[in-house]
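This is work.cif (mmCIF, C-alpha atoms).
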```
data_protein
loop_
_atom_site.label_atom_id
_atom_site.label_comp_id
_atom_site.auth_asym_id
_atom_site.auth_seq_id
_atom_site.Cartn_x
_atom_site.Cartn_y
_atom_site.Cartn_z
CA PHE A 1 -6.87 4.68 -0.08
CA GLY A 2 -5.07 7.65 -1.53
CA PRO A 3 -5.29 10.48 -3.99
CA ALA A 4 -6.60 10.77 -7.48
CA GLY A 5 -3.49 9.91 -9.44
CA ALA A 6 -2.09 11.18 -12.71
CA GLY A 7 -3.96 10.76 -15.96
CA PRO A 8 -4.69 7.31 -17.33
CA VAL A 9 -2.12 5.43 -19.35
CA ALA A 10 -2.93 3.69 -22.60
CA GLY A 11 -4.91 0.52 -22.23
CA ALA A 12 -7.09 -0.69 -19.39
CA GLY A 13 -6.24 0.66 -15.95
CA PRO A 14 -5.74 -1.43 -12.84
CA ALA A 15 -9.23 -0.79 -11.56
CA ALA A 16 -10.69 -1.86 -14.87
CA ALA A 17 -9.01 -5.21 -14.45
CA ALA A 18 -10.24 -5.41 -10.88
CA ALA A 19 -13.81 -4.73 -11.89
CA LYS A 20 -13.53 -7.47 -14.45
CA ALA A 21 -12.10 -10.03 -12.06
CA GLU A 22 -12.72 -8.76 -8.49
CA THR A 23 -9.71 -9.49 -6.32
CA GLU A 24 -7.57 -10.53 -9.29
CA ALA A 25 -6.94 -6.89 -10.21
CA GLY A 26 -3.54 -6.27 -11.68
CA GLN A 27 -1.41 -4.36 -14.11
CA THR A 28 2.09 -5.29 -15.14
CA SER A 29 4.99 -2.98 -14.63
CA GLY A 30 6.31 -0.73 -17.33
CA ALA A 31 9.79 -1.34 -15.91
CA GLN A 32 11.79 -4.34 -16.98
CA VAL A 33 12.09 -6.90 -14.22
CA VAL A 34 14.57 -9.72 -14.61
CA GLY A 35 14.27 -12.12 -11.73
CA ARG A 36 14.21 -9.71 -8.84
CA GLU A 37 16.49 -7.09 -10.38
CA VAL A 38 14.57 -3.99 -11.44
CA SER A 39 15.74 -0.86 -13.15
CA THR A 40 14.51 2.08 -11.10
CA GLY A 41 15.29 4.71 -13.70
CA PRO A 42 17.80 7.53 -13.77
CA ARG A 43 19.12 8.99 -10.54
CA SER A 44 20.71 12.31 -9.78
CA GLY A 45 23.90 12.53 -7.77
CA SER A 46 24.33 9.54 -5.52
CA GLY A 47 21.05 8.03 -6.68
CA ALA A 48 18.65 8.75 -3.82
CA ALA A 49 16.37 11.61 -3.02
CA GLY A 50 17.12 11.25 0.67
CA GLY A 51 19.80 10.18 3.08
CA ASP A 52 18.43 6.82 4.27
CA GLN A 53 20.68 4.73 2.03
CA ALA A 54 21.89 2.27 4.65
CA SER A 55 22.94 -1.20 3.60
CA CYS A 56 22.22 -4.19 5.77
CA SER A 57 25.61 -5.81 6.28
CA GLY A 58 25.09 -8.15 9.22
CA PRO A 59 25.88 -11.82 8.64
CA ALA A 60 22.27 -12.88 9.18
CA CYS A 61 20.61 -10.17 7.07
CA MET A 62 19.42 -10.93 3.54
CA PHE A 63 17.71 -7.55 2.99
CA SER A 64 19.27 -4.15 2.48
CA HIS A 65 16.03 -2.16 2.48
CA LEU A 66 12.57 -2.33 4.07
CA VAL A 67 9.57 -0.64 2.44
CA LEU A 68 6.31 -0.45 4.38
CA ASP A 69 2.75 0.26 3.36
CA CYS A 70 1.05 2.67 5.78
CA ASP A 71 -2.70 2.02 6.23
CA GLY A 72 -3.26 -1.46 7.61
CA VAL A 73 0.45 -2.09 8.18
CA LEU A 74 1.81 0.68 10.37
CA VAL A 75 -1.49 2.19 11.49
CA ASP A 76 -4.96 0.80 12.17
CA THR A 77 -6.88 2.97 9.72
CA GLU A 78 -8.44 0.73 7.06
CA ARG A 79 -11.95 0.94 8.55
CA ALA A 80 -11.84 4.74 8.61
CA SER A 81 -10.39 4.83 5.09
CA CYS A 82 -13.15 2.60 3.75
CA GLU A 83 -15.95 4.47 5.48
CA SER A 84 -14.65 7.86 4.33
CA LEU A 85 -14.40 6.49 0.78
CA ARG A 86 -17.97 5.23 0.94
CA ARG A 87 -19.33 8.57 2.21
CA ALA A 88 -17.29 10.55 -0.29
CA ILE A 89 -18.51 8.53 -3.28
CA LEU A 90 -22.07 8.90 -2.00
CA ALA A 91 -21.64 12.68 -1.70
CA ALA A 92 -20.05 12.99 -5.14
CA THR A 93 -22.29 10.63 -7.12
CA GLY A 94 -25.38 9.78 -5.05
CA PHE A 95 -24.46 6.08 -5.19
CA ASP A 96 -23.89 4.12 -1.99
CA ILE A 97 -21.29 1.44 -2.63
CA PRO A 98 -21.56 -1.93 -0.85
CA HIS A 99 -20.02 -1.34 2.57
CA ASP A 100 -19.93 -4.49 4.68
CA PHE A 101 -16.46 -4.05 6.19
CA PRO A 102 -14.08 -5.55 5.37
CA ARG A 103 -15.40 -8.04 2.81
CA ASP A 104 -17.03 -5.59 0.42
CA TYR A 105 -13.78 -3.66 0.20
CA TYR A 106 -11.48 -6.58 -0.62
CA PRO A 107 -11.20 -5.70 -4.34
CA VAL A 108 -10.15 -2.09 -3.65
CA PHE A 109 -7.92 -2.49 -0.58
CA GLY A 110 -4.64 -0.79 -1.42
CA MET A 111 -5.91 1.26 -4.39
CA ASP A 112 -5.79 5.04 -4.66
CA VAL A 113 -9.00 7.06 -4.96
CA ARG A 114 -8.88 7.33 -8.75
CA SER A 115 -8.57 3.58 -9.15
CA CYS A 116 -11.40 3.03 -6.65
CA VAL A 117 -13.69 5.34 -8.62
CA GLU A 118 -12.76 3.57 -11.85
CA TYR A 119 -13.44 0.19 -10.25
CA TYR A 120 -16.89 1.10 -8.94
CA LYS A 121 -17.87 2.86 -12.16
CA MET A 122 -17.10 -0.25 -14.20
CA ARG A 123 -18.40 -2.82 -11.72
CA PHE A 124 -21.80 -1.12 -11.40
CA GLN A 125 -21.87 0.26 -14.97
CA LYS A 126 -22.24 3.87 -13.84
CA GLU A 127 -21.66 5.49 -17.23
CA GLU A 128 -23.60 8.52 -16.02
CA TRP A 129 -20.66 9.37 -13.76
CA GLY A 130 -18.79 10.58 -16.81
CA ASP A 131 -15.07 11.29 -16.61
CA VAL A 132 -13.30 9.25 -13.91
CA GLU A 133 -10.73 11.97 -13.29
CA GLU A 134 -13.37 14.60 -12.55
CA VAL A 135 -15.30 12.29 -10.22
CA ALA A 136 -12.07 11.29 -8.46
CA VAL A 137 -11.20 14.92 -7.75
CA ARG A 138 -14.59 15.45 -6.08
CA VAL A 139 -14.38 12.18 -4.17
CA LEU A 140 -10.86 12.94 -2.94
CA ALA A 141 -11.81 16.41 -1.71
CA ALA A 142 -14.75 15.00 0.26
CA LYS A 143 -12.84 11.97 1.49
CA GLU A 144 -9.93 13.88 3.01
CA HIS A 145 -12.31 15.97 5.13
CA LEU A 146 -14.38 12.94 6.15
CA TYR A 147 -11.28 10.92 7.00
CA LYS A 148 -9.99 13.60 9.35
CA GLU A 149 -13.37 13.68 11.06
CA LEU A 150 -13.41 9.91 11.51
CA THR A 151 -9.88 9.90 12.93
CA ALA A 152 -10.17 13.05 15.04
CA GLU A 153 -9.83 11.12 18.30
CA GLY A 154 -6.47 9.74 17.24
CA ILE A 155 -4.90 6.94 15.25
CA SER A 156 -3.35 3.84 16.74
CA ALA A 157 -0.10 2.33 15.53
CA PHE A 158 -0.16 -1.45 15.29
CA PRO A 159 1.74 -3.29 18.00
CA GLY A 160 5.30 -3.85 16.88
CA ALA A 161 5.34 -1.03 14.29
CA ARG A 162 7.92 1.10 16.10
CA ASP A 163 10.03 -1.90 17.04
CA LEU A 164 10.04 -3.11 13.43
CA VAL A 165 11.31 0.21 12.08
CA GLU A 166 13.89 0.66 14.82
CA GLY A 167 14.96 -2.98 14.64
CA ALA A 168 15.36 -2.91 10.85
CA ARG A 169 17.39 0.27 11.08
CA ALA A 170 19.60 -1.33 13.73
CA LEU A 171 20.28 -4.12 11.23
CA GLY A 172 21.49 -1.48 8.79
CA CYS A 173 18.44 -1.39 6.52
CA GLY A 174 17.29 1.70 4.65
CA ILE A 175 13.57 2.27 5.28
CA ALA A 176 10.78 3.95 3.31
CA VAL A 177 6.98 4.11 3.31
CA ALA A 178 5.07 3.52 0.05
CA SER A 179 1.35 4.27 0.33
CA SER A 180 -1.69 4.85 -1.85
CA GLY A 181 -2.59 7.71 0.49
CA ALA A 182 -2.04 11.37 -0.27
CA PRO A 183 1.09 12.92 1.30
CA GLU A 184 -1.12 14.83 3.74
CA LYS A 185 -2.84 11.62 4.80
CA ILE A 186 0.45 9.78 5.28
CA ALA A 187 1.71 12.63 7.48
CA HIS A 188 -1.57 12.71 9.41
CA ASN A 189 -1.53 8.96 10.01
CA LEU A 190 2.07 8.81 11.15
CA GLY A 191 1.85 12.03 13.16
CA SER A 192 -1.31 11.06 15.02
CA SER A 193 0.06 7.59 15.80
CA GLY A 194 3.43 8.90 17.02
CA LEU A 195 5.45 7.26 14.24
CA LEU A 196 6.27 10.27 12.05
CA GLY A 197 9.64 10.93 13.65
CA LEU A 198 10.87 7.49 12.58
CA PHE A 199 10.97 8.41 8.89
CA GLU A 200 12.67 10.96 6.66
CA GLU A 201 10.10 13.10 4.86
CA GLN A 202 11.54 12.41 1.40
CA LEU A 203 11.15 8.68 2.02
CA LEU A 204 7.38 8.91 2.54
CA VAL A 205 6.27 7.99 -0.99
CA SER A 206 2.68 8.55 -2.12
CA ALA A 207 0.78 7.28 -5.14
CA SER A 208 0.39 10.96 -6.06
CA HIS A 209 4.14 11.03 -6.73
CA VAL A 210 3.90 8.47 -9.56
CA ALA A 211 1.91 7.87 -12.73
CA ARG A 212 -0.04 4.80 -11.58
CA GLY A 213 -1.26 3.60 -8.21
CA LYS A 214 -1.22 0.06 -6.86
CA PRO A 215 -1.48 -2.67 -8.17
CA ALA A 216 0.94 -1.08 -10.68
CA PRO A 217 4.47 -1.21 -9.20
CA ASP A 218 5.27 2.49 -9.66
CA VAL A 219 5.14 3.57 -6.01
CA TYR A 220 7.52 0.80 -4.93
CA ILE A 221 9.90 1.47 -7.80
CA GLU A 222 9.94 5.12 -6.75
CA ALA A 223 10.61 4.17 -3.12
CA MET A 224 13.57 2.05 -4.24
CA ARG A 225 14.86 4.92 -6.35
CA ARG A 226 14.72 7.32 -3.43
CA LEU A 227 16.47 4.79 -1.22
CA GLY A 228 19.23 4.44 -3.78
CA CYS A 229 18.49 0.74 -4.17
CA GLY A 230 18.76 -0.83 -7.62
CA ALA A 231 18.73 -4.49 -6.54
CA SER A 232 15.13 -5.29 -5.71
CA SER A 233 16.17 -8.80 -4.60
CA ARG A 234 17.46 -7.10 -1.43
CA VAL A 235 14.18 -5.28 -0.71
CA LEU A 236 11.49 -6.53 1.69
CA VAL A 237 7.99 -5.06 1.39
CA VAL A 238 5.32 -5.43 4.08
CA GLU A 239 1.71 -5.13 2.86
CA ASP A 240 -1.82 -5.90 4.05
CA ALA A 241 -3.60 -5.80 0.67
CA VAL A 242 -3.58 -7.94 -2.46
CA ASN A 243 -3.22 -4.88 -4.70
CA GLY A 244 -0.19 -3.77 -2.70
CA LEU A 245 1.39 -7.21 -2.85
CA LYS A 246 0.96 -7.26 -6.62
CA ALA A 247 2.62 -3.87 -6.82
CA ALA A 248 5.56 -5.00 -4.71
CA ARG A 249 6.03 -8.19 -6.69
CA GLY A 250 5.80 -6.23 -9.91
CA ALA A 251 8.69 -4.13 -8.63
CA GLY A 252 10.69 -7.28 -7.97
CA ALA A 253 10.68 -7.15 -4.16
CA HIS A 254 10.24 -9.92 -1.61
CA THR A 255 6.86 -9.67 0.10
CA VAL A 256 5.45 -10.27 3.56
CA ALA A 257 1.70 -9.96 4.06
CA VAL A 258 0.25 -9.18 7.48
CA THR A 259 -3.29 -10.34 8.28
CA THR A 260 -4.57 -7.06 9.69
CA SER A 261 -7.11 -6.45 6.91
CA LEU A 262 -7.56 -9.62 4.86
CA PRO A 263 -7.71 -13.31 5.81
CA ARG A 264 -4.65 -15.47 5.33
CA GLU A 265 -6.20 -17.44 2.46
CA ALA A 266 -6.72 -14.24 0.45
CA LEU A 267 -3.10 -13.16 0.93
CA GLU A 268 -1.20 -16.43 0.52
CA PRO A 269 -1.36 -16.61 -3.32
CA HIS A 270 0.22 -13.16 -3.58
CA ALA A 271 2.85 -13.09 -0.80
CA ASP A 272 6.12 -14.89 -0.17
CA VAL A 273 5.30 -15.14 3.55
CA VAL A 274 2.14 -14.38 5.56
CA VAL A 275 2.33 -13.34 9.22
CA ASP A 276 -0.18 -12.30 11.84
CA ARG A 277 2.00 -9.79 13.73
CA LEU A 278 4.63 -7.23 12.81
CA GLU A 279 6.93 -8.72 15.44
CA GLN A 280 7.21 -11.76 13.19
CA VAL A 281 8.59 -9.62 10.36
CA LEU A 282 11.47 -8.46 12.53
CA GLU A 283 12.11 -12.03 13.62
CA LEU A 284 12.37 -13.04 9.95
CA MET A 285 14.78 -10.22 9.23
CA ARG A 286 16.97 -11.04 12.20
CA GLY A 287 16.93 -14.74 11.39
CA GLY A 288 18.31 -14.22 7.91
CA GLU A 289 18.11 -16.77 5.11
CA ASP A 290 17.52 -19.72 7.45
CA ALA A 291 14.45 -18.09 9.02
CA TRP A 292 13.14 -16.99 5.62
CA ALA A 293 13.54 -20.49 4.17
CA LYS A 294 11.58 -22.00 7.08
CA ALA A 295 8.79 -19.41 7.02
CA PRO A 296 5.35 -20.61 5.85
CA GLY A 297 5.03 -20.14 2.10
CA ALA A 298 8.65 -19.15 1.53
#
```

Step by step, read the file and then write its structure as structure tokens.
Amino acid sequence: FGPAGAGPVAGAGPAAAAAKAETEAGQTSGAQVVGREVSTGPRSGSGAAGGDQASCSGPACMFSHLVLDCDGVLVDTERASCESLRRAILAATGFDIPHDFPRDYYPVFGMDVRSCVEYYKMRFQKEEWGDVEEVAVRVLAAKEHLYKELTAEGISAFPGARDLVEGARALGCGIAVASSGAPEKIAHNLGSSGLLGLFEEQLLVSASHVARGKPAPDVYIEAMRRLGCGASSRVLVVEDAVNGLKAARGAGAHTVAVTTSLPREALEPHADVVVDRLEQVLELMRGGEDAWAKAPGA
């Protein structure tokens, strides 16, 4: 879970849709997607904000870029994120959200804080909360402090996380992180887990950098822009949440879901491939089109 995002766009927000239909939350992209080709907007200079513009050129590689979610994909932090969200909403509003982990959090996995507040306000008809933006600011301030307390003893990277990043880079892939978390949280997670040095700072993309959080595709479109990638058919996204998978698909990317947070049956309708371990993602990338075609759900 990440920061309170920018102001609401016209029409119902992503959390409003989620509150209406639980795990079927979604909001279509404002960008035009044709097949898996997506316009990522104007670029300055060479087209990327950073230098990780590698192109996967090996004979077996079907992807030029890899974009990774952070919480629940690279680092084992979803429980702490959920508990800090629960305590922060309680502190800000006096309401204790349902908190049986992980099931009660399925509808909001992958959302930023603003979208979470909007979801809970609508689901439980908390009109007395007033303006979502104001509540989200209070929740975010409390949550960041609580999250650091809950993770003070350190954060663990998932097995295979380092090997996946290093292996993808060895294949020639450009790599970015696209997270609902605030920039400070992304840096904290990756720093505490020992992964921060694997990424360029400008390729750590937060929902606070874009207008709308997941399940809108904005954060993934921005990651592609910074990578200098205009062909989303060459992008592989790894996610652990339905809202994140919807965002990635909305951006036109191929998707792999990892079962670190949600059961396989919840992820399968929204992902091209579902795996249980990050090592399997690297195997798919190394195996090229043949491995992808044989993967479950591909």

Run the PyMOL selection byres ((chain A and resi 156-159) around 7) against the file shown and list the residues it catches, as a short mmCIF file (atom, residue, chain, number, x, y, z; two decimals) with C-alpha atoms, in the frame of the given file.
```cif
data_model
loop_
_atom_site.label_atom_id
_atom_site.label_comp_id
_atom_site.auth_asym_id
_atom_site.auth_seq_id
_atom_site.Cartn_x
_atom_site.Cartn_y
_atom_site.Cartn_z
CA LEU A 74 1.81 0.68 10.37
CA VAL A 75 -1.49 2.19 11.49
CA ASP A 76 -4.96 0.80 12.17
CA GLY A 154 -6.47 9.74 17.24
CA ILE A 155 -4.90 6.94 15.25
CA GLY A 160 5.30 -3.85 16.88
CA ALA A 161 5.34 -1.03 14.29
CA SER A 193 0.06 7.59 15.80
#
```

In Å and to one decimal, CA of Val210 (chain A) is distant from CA of Ile186 (chain A) by 15.3 Å

task = Have a look at CA of Ser233 (chain A) and CA of Gly197 (chain A) and let me know their distance in Å, one decimal.
result =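 A separation of 27.7 Å between them.
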
Run the PyMOL selection byres ((chain A and resi 284) around 10) mentally over the shown coordinates, then write out the matched residues as an mmCIF file with C-alpha atoms, in the coordinates of the input, using the chain letters and numbers from the document.
```cif
data_model
loop_
_atom_site.group_PDB
_atom_site.id
_atom_site.type_symbol
_atom_site.label_atom_id
_atom_site.label_comp_id
_atom_site.auth_asym_id
_atom_site.auth_seq_id
_atom_site.Cartn_x
_atom_site.Cartn_y
_atom_site.Cartn_z
ATOM 1 C CA ALA A 60 22.270 -12.880 9.180
ATOM 2 C CA CYS A 61 20.610 -10.170 7.070
ATOM 3 C CA MET A 62 19.420 -10.930 3.540
ATOM 4 C CA VAL A 256 5.450 -10.270 3.560
ATOM 5 C CA VAL A 273 5.300 -15.140 3.550
ATOM 6 C CA GLU A 279 6.930 -8.720 15.440
ATOM 7 C CA GLN A 280 7.210 -11.760 13.190
ATOM 8 C CA VAL A 281 8.590 -9.620 10.360
ATOM 9 C CA LEU A 282 11.470 -8.460 12.530
ATOM 10 C CA GLU A 283 12.110 -12.030 13.620
ATOM 11 C CA MET A 285 14.780 -10.220 9.230
ATOM 12 C CA ARG A 286 16.970 -11.040 12.200
ATOM 13 C CA GLY A 287 16.930 -14.740 11.390
ATOM 14 C CA GLY A 288 18.310 -14.220 7.910
ATOM 15 C CA GLU A 289 18.110 -16.770 5.110
ATOM 16 C CA ASP A 290 17.520 -19.720 7.450
ATOM 17 C CA ALA A 291 14.450 -18.090 9.020
ATOM 18 C CA TRP A 292 13.140 -16.990 5.620
ATOM 19 C CA ALA A 293 13.540 -20.490 4.170
ATOM 20 C CA LYS A 294 11.580 -22.000 7.080
ATOM 21 C CA ALA A 295 8.790 -19.410 7.020
#
```

Exercise for review: Rank A:Leu267, A:Leu164, A:Val238, A:Val274 by their smallest atom-to-atom distance to Gly72 (chain A), using only C-alpha atoms, and report the top residue only.
Suggested key: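 Once distances to Gly72 (chain A) are computed over only C-alpha atoms, the minimum belongs to A:Val238.
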
Practice problem: Name the residues in contact with Val258 (chain A) at a cut-off of 6 Å, using only C-alpha atoms, excluding same-chain residues fewer than 2 positions from it; report them as a list of chain:residue names. | Solution: A:Asp240, A:Thr260, A:Val274, A:Val275, A:Asp276

File dump, residues just selected, C-alpha atoms, as a PDB file, keeping the file's coordinate frame:
```pdb
ATOM      1  CA  ASP A 240      -1.820  -5.900   4.050  1.00  0.00           C
ATOM      2  CA  THR A 260      -4.570  -7.060   9.690  1.00  0.00           C
ATOM      3  CA  VAL A 274       2.140 -14.380   5.560  1.00  0.00           C
ATOM      4  CA  VAL A 275       2.330 -13.340   9.220  1.00  0.00           C
ATOM      5  CA  ASP A 276      -0.180 -12.300  11.840  1.00  0.00           C
TER       6      ASP A 276
END
```

Check your understanding: What do you get, as a list in words, if you spell out every residue that the PyMOL selection byres ((chain A and resi 110) around 7) selects here?
Key ->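 What the PyMOL selection byres ((chain A and resi 110) around 7) grabs from the file is Phe1, Val108, Phe109, Met111, Asp112, Ser180, Lys214, Ala241, Asn243 and Gly244 of chain A.
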
Margin query: Please compute the CA of Ile175 (chain A)-CA of Ala211 (chain A) distance, one decimal, in Å.
Written below: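 CA of Ile175 (chain A) sits 22.2 Å away from CA of Ala211 (chain A).
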
Using all atoms listed in the file, the shortest atom-to-atom distance to Leu190 (chain A) among A:Met122, A:Glu144, A:Gly172, A:Val177 belongs to A:Val177

**Request:** Name the closest residue to Ser179 (chain A) among the candidates A:Glu222, A:Glu127, A:Glu149, A:Asp104; distances are taken between atoms, counting all atoms listed in the file.
**Result:**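 Looking only at the distances to Ser179 (chain A), the closest residue turns out to be A:Glu222.
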
Checklist entry - When distances are computed from all atoms listed in the file, which of A:Pro215, A:Lys246, A:Ser261, A:His270 shows the smallest separation from Tyr105 (chain A)? => result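 Looking at the shortest contact to Tyr105 (chain A), the residue is A:Ser261.
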
Near Val117 (chain A), counting all atoms listed in the file, which residues have an atom at most 8 Å away, once you skip same-chain residues fewer than 5 positions from it, shown as a PyMOL selection string? chain A and resi 89+132+135-136

Export of prior selection with C-alpha atoms as a JSON list (two decimals), in the frame of the given file:
```
[["chain", "number", "residue", "atom", "x", "y", "z"],
["A", 89, "ILE", "CA", -18.51, 8.53, -3.28],
["A", 132, "VAL", "CA", -13.30, 9.25, -13.91],
["A", 135, "VAL", "CA", -15.30, 12.29, -10.22],
["A", 136, "ALA", "CA", -12.07, 11.29, -8.46]]
```

Taking all atoms listed in the file into account, name the residue in A:Phe63, A:Gly181, A:Glu239, A:Ile97 that is nearest to His209 (chain A).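 Looking only at the distances to His209 (chain A), the closest residue turns out to be A:Gly181.
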
Nearest residue to Pro107 (chain A) from the set A:Cys82, A:Ala152, A:Val73, A:Ala178 (distances using only C-alpha atoms):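 Of A:Cys82, A:Ala152, A:Val73, A:Ala178, the one nearest Pro107 (chain A) is A:Cys82, counting only C-alpha atoms.
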
So that all listed atoms of region 182-196 of chain A fit with 5 Å spare on each side, what axis-aligned box centre and edge lengths in Å, to one decimal, would you give as JSON?
```
{"center_x": 1.7, "center_y": 11.0, "center_z": 8.4, "size_x": 19.1, "size_y": 17.6, "size_z": 27.3}
```

Would you list the contacts of Pro269 (chain A) as a list in words, taking every protein, DNA or RNA residue within 10 Å and counting only C-alpha atoms, but skipping same-chain residues closer than 5 positions in sequence?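 The neighbour list is Val242, Leu245, Arg264, Val274 and Gly297 of chain A.
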